[in-house]
Amino acid sequence: MRRADRLFLIINALRGRRTALPARQLASTLEVSLRTVYRDVADLQLSGVPIEGEAGVGYLLRKGSDIPPLMFSADELEALVAGTRFVRAFAGERLAREAQAALIKIEAVLPSELREKAAQSRIFAPIWRDPFQNHIATMLDRLHEAVLARRVLCLEYCDAEGRSSTREVEPLCLSFWGGAWTLGTWCRHRQAFRNFRPDRIAECRDAGETFPDLPGRNLEAYLETMRGHYAGLE
């Protein structure tokens, strides 16, 4: 379990309690050592979270200073639930998993009536993935990692007319267009911005280098170029 998740769960476990929660119980719930619980609680106290208590006694949030729960309207919650379902259905596996984890955390601190509202959303994005779609999800994960790490990629690509080519690109972003994803890049072969559909990438290799954030060929310039392009089509 990530440390950030442990800290969140400790605060949530203490919220609204009238009696001290023993550190041993926290350690058992989180599946960590007592030493880890003591260290995490001490770090939370140093950061200003109003936790009282000590090792061997237990912990409480200071009376009158309970951290208020997250408050959302029913419409805001439905937007969050729908967004999570779309990410699970159409994004890569890693992003889908993290979106679901985020929603679980939000629901954990909601009042019961709002939690029930969230569960009653009637907006769905069913997940029906065949082997090809699983391949796309895996490809999206690889491309996403390359975007974040600024890694140059070598793509074996097949365009809409069935023509194959090899491109060395600097991946800048991923965009979802309601039916297909595109990888926004600076194409070193064309010396211009180009979009590539992940479902048409036959092979994706790491070129073994990273690229700098250069004016005129970075994400900001790409977005400005795309805005100009689509404005010209109106």
# chains A, B, ... in the order shown; residues from 1 in each chain; ligands from 1

$ residues_around --residues "region 164-172 of chain A" --least-positions-apart "3" --cutoff "8 Å" --atoms "only C-alpha atoms" --output "number ranges by chain"
A: 143, 146-147, 150-159, 183-189, 207, 211, 218-219

$ closest_residue --among "A:His135, A:Ala202, A:Ile104, A:Val49" --to "Asp5 (chain A)" --atoms "only C-alpha atoms"
A:Ile104

$ atom_distance --atom1 "CA of Glu98 (chain A)" --atom2 "CA of Arg35 (chain A)"
27.9 Å

$ closest_residue --among "A:Asp43, A:Asp213, A:Glu52, A:Asp199" --to "Ala20 (chain A)" --atoms "only C-alpha atoms"
A:Glu52

$ select_by_dssp --residues "region 17-214 of chain A" --states "alpha helix (DSSP H)" --output "count of residues only"
81

$ residues_around --residues "Gly58 (chain A)" --least-positions-apart "5" --cutoff "8 Å" --atoms "only C-alpha atoms" --output "list in words"
Ala20, Leu21, Pro22, Ala23 and Gly53 of chain A

$ select_by_dssp --residues "region 36-155 of chain A" --states "strand (DSSP E)" --output "list in words"
Ile51, Glu52, Gly53, Glu54, Gly58, Tyr59, Leu60, Leu61, Arg151, Val152, Leu153, Cys154 and Leu155 of chain A

$ closest_residue --among "A:Val81, A:Val37, A:Ala89, A:Cys173" --to "Glu116 (chain A)" --atoms "only C-alpha atoms"
A:Val81

$ residues_around --residues "Arg62 (chain A)" --least-positions-apart "3" --cutoff "12 Å" --atoms "only C-alpha atoms" --output "number ranges by chain"
A: 11, 14-20, 45, 48-53, 59, 65-67

$ write_last_selection --atoms "N, CA and C atoms" --output "PDB file, in the first residue's frame"
ATOM      1  N   ILE A  11      -6.587   8.874   8.753  1.00  0.00           N
ATOM      2  CA  ILE A  11      -7.478  10.004   9.051  1.00  0.00           C
ATOM      3  C   ILE A  11      -8.937   9.565   8.982  1.00  0.00           C
ATOM      4  N   LEU A  14     -10.071   7.591  12.026  1.00  0.00           N
ATOM      5  CA  LEU A  14     -10.230   8.384  13.245  1.00  0.00           C
ATOM      6  C   LEU A  14     -11.425   9.322  13.187  1.00  0.00           C
ATOM      7  N   ARG A  15     -11.929   9.592  12.006  1.00  0.00           N
ATOM      8  CA  ARG A  15     -13.010  10.564  11.837  1.00  0.00           C
ATOM      9  C   ARG A  15     -14.267  10.127  12.595  1.00  0.00           C
ATOM     10  N   GLY A  16     -14.766  11.012  13.456  1.00  0.00           N
ATOM     11  CA  GLY A  16     -16.031  10.781  14.138  1.00  0.00           C
ATOM     12  C   GLY A  16     -15.981   9.824  15.315  1.00  0.00           C
ATOM     13  N   ARG A  17     -14.812   9.312  15.685  1.00  0.00           N
ATOM     14  CA  ARG A  17     -14.711   8.380  16.815  1.00  0.00           C
ATOM     15  C   ARG A  17     -14.816   9.125  18.145  1.00  0.00           C
ATOM     16  N   ARG A  18     -15.433   8.454  19.143  1.00  0.00           N
ATOM     17  CA  ARG A  18     -15.526   9.020  20.488  1.00  0.00           C
ATOM     18  C   ARG A  18     -14.533   8.383  21.443  1.00  0.00           C
ATOM     19  N   THR A  19     -13.992   7.249  21.043  1.00  0.00           N
ATOM     20  CA  THR A  19     -12.987   6.575  21.863  1.00  0.00           C
ATOM     21  C   THR A  19     -11.704   6.424  21.056  1.00  0.00           C
ATOM     22  N   ALA A  20     -10.605   6.322  21.783  1.00  0.00           N
ATOM     23  CA  ALA A  20      -9.302   6.229  21.126  1.00  0.00           C
ATOM     24  C   ALA A  20      -9.185   4.930  20.329  1.00  0.00           C
ATOM     25  N   GLN A  45       0.689  14.496  12.536  1.00  0.00           N
ATOM     26  CA  GLN A  45       0.637  15.515  13.584  1.00  0.00           C
ATOM     27  C   GLN A  45       1.542  16.692  13.234  1.00  0.00           C
ATOM     28  N   GLY A  48       0.069  19.136  10.846  1.00  0.00           N
ATOM     29  CA  GLY A  48      -1.057  19.945  11.293  1.00  0.00           C
ATOM     30  C   GLY A  48      -2.368  19.215  11.465  1.00  0.00           C
ATOM     31  N   VAL A  49      -2.419  17.916  11.198  1.00  0.00           N
ATOM     32  CA  VAL A  49      -3.655  17.161  11.414  1.00  0.00           C
ATOM     33  C   VAL A  49      -3.863  17.025  12.925  1.00  0.00           C
ATOM     34  N   PRO A  50      -5.044  17.415  13.459  1.00  0.00           N
ATOM     35  CA  PRO A  50      -5.258  17.479  14.912  1.00  0.00           C
ATOM     36  C   PRO A  50      -5.490  16.117  15.558  1.00  0.00           C
ATOM     37  N   ILE A  51      -4.457  15.264  15.567  1.00  0.00           N
ATOM     38  CA  ILE A  51      -4.545  13.941  16.172  1.00  0.00           C
ATOM     39  C   ILE A  51      -3.964  14.000  17.579  1.00  0.00           C
ATOM     40  N   GLU A  52      -4.720  13.475  18.553  1.00  0.00           N
ATOM     41  CA  GLU A  52      -4.255  13.404  19.928  1.00  0.00           C
ATOM     42  C   GLU A  52      -4.064  11.946  20.322  1.00  0.00           C
ATOM     43  N   GLY A  53      -3.187  11.698  21.302  1.00  0.00           N
ATOM     44  CA  GLY A  53      -2.941  10.344  21.772  1.00  0.00           C
ATOM     45  C   GLY A  53      -1.476  10.001  21.688  1.00  0.00           C
ATOM     46  N   TYR A  59      -5.393   6.742  19.512  1.00  0.00           N
ATOM     47  CA  TYR A  59      -5.433   8.050  18.864  1.00  0.00           C
ATOM     48  C   TYR A  59      -6.866   8.496  18.613  1.00  0.00           C
ATOM     49  N   SER A  65     -12.555  19.556  16.270  1.00  0.00           N
ATOM     50  CA  SER A  65     -11.716  19.918  15.120  1.00  0.00           C
ATOM     51  C   SER A  65     -11.698  18.812  14.075  1.00  0.00           C
ATOM     52  N   ASP A  66     -12.777  18.025  14.066  1.00  0.00           N
ATOM     53  CA  ASP A  66     -12.872  16.971  13.059  1.00  0.00           C
ATOM     54  C   ASP A  66     -12.816  17.570  11.667  1.00  0.00           C
ATOM     55  N   ILE A  67     -12.098  16.911  10.783  1.00  0.00           N
ATOM     56  CA  ILE A  67     -11.976  17.372   9.401  1.00  0.00           C
ATOM     57  C   ILE A  67     -13.309  17.137   8.695  1.00  0.00           C
TER      58      ILE A  67
END

$ residues_around --residues "Ala101 (chain A)" --least-positions-apart "6" --cutoff "12 Å" --atoms "only C-alpha atoms" --output "ChimeraX atom specification"
/A:5,81,84-85,87-88,94-95,107-108

$ atom_distance --atom1 "CA of Glu78 (chain A)" --atom2 "CA of Met1 (chain A)"
28.0 Å

$ closest_residue --among "A:Ala221, A:Leu174, A:Ala82, A:Leu61" --to "Phe124 (chain A)" --atoms "only C-alpha atoms"
A:Ala82

$ atom_distance --atom1 "CA of Gln25 (chain A)" --atom2 "CA of Ala4 (chain A)"
18.9 Å
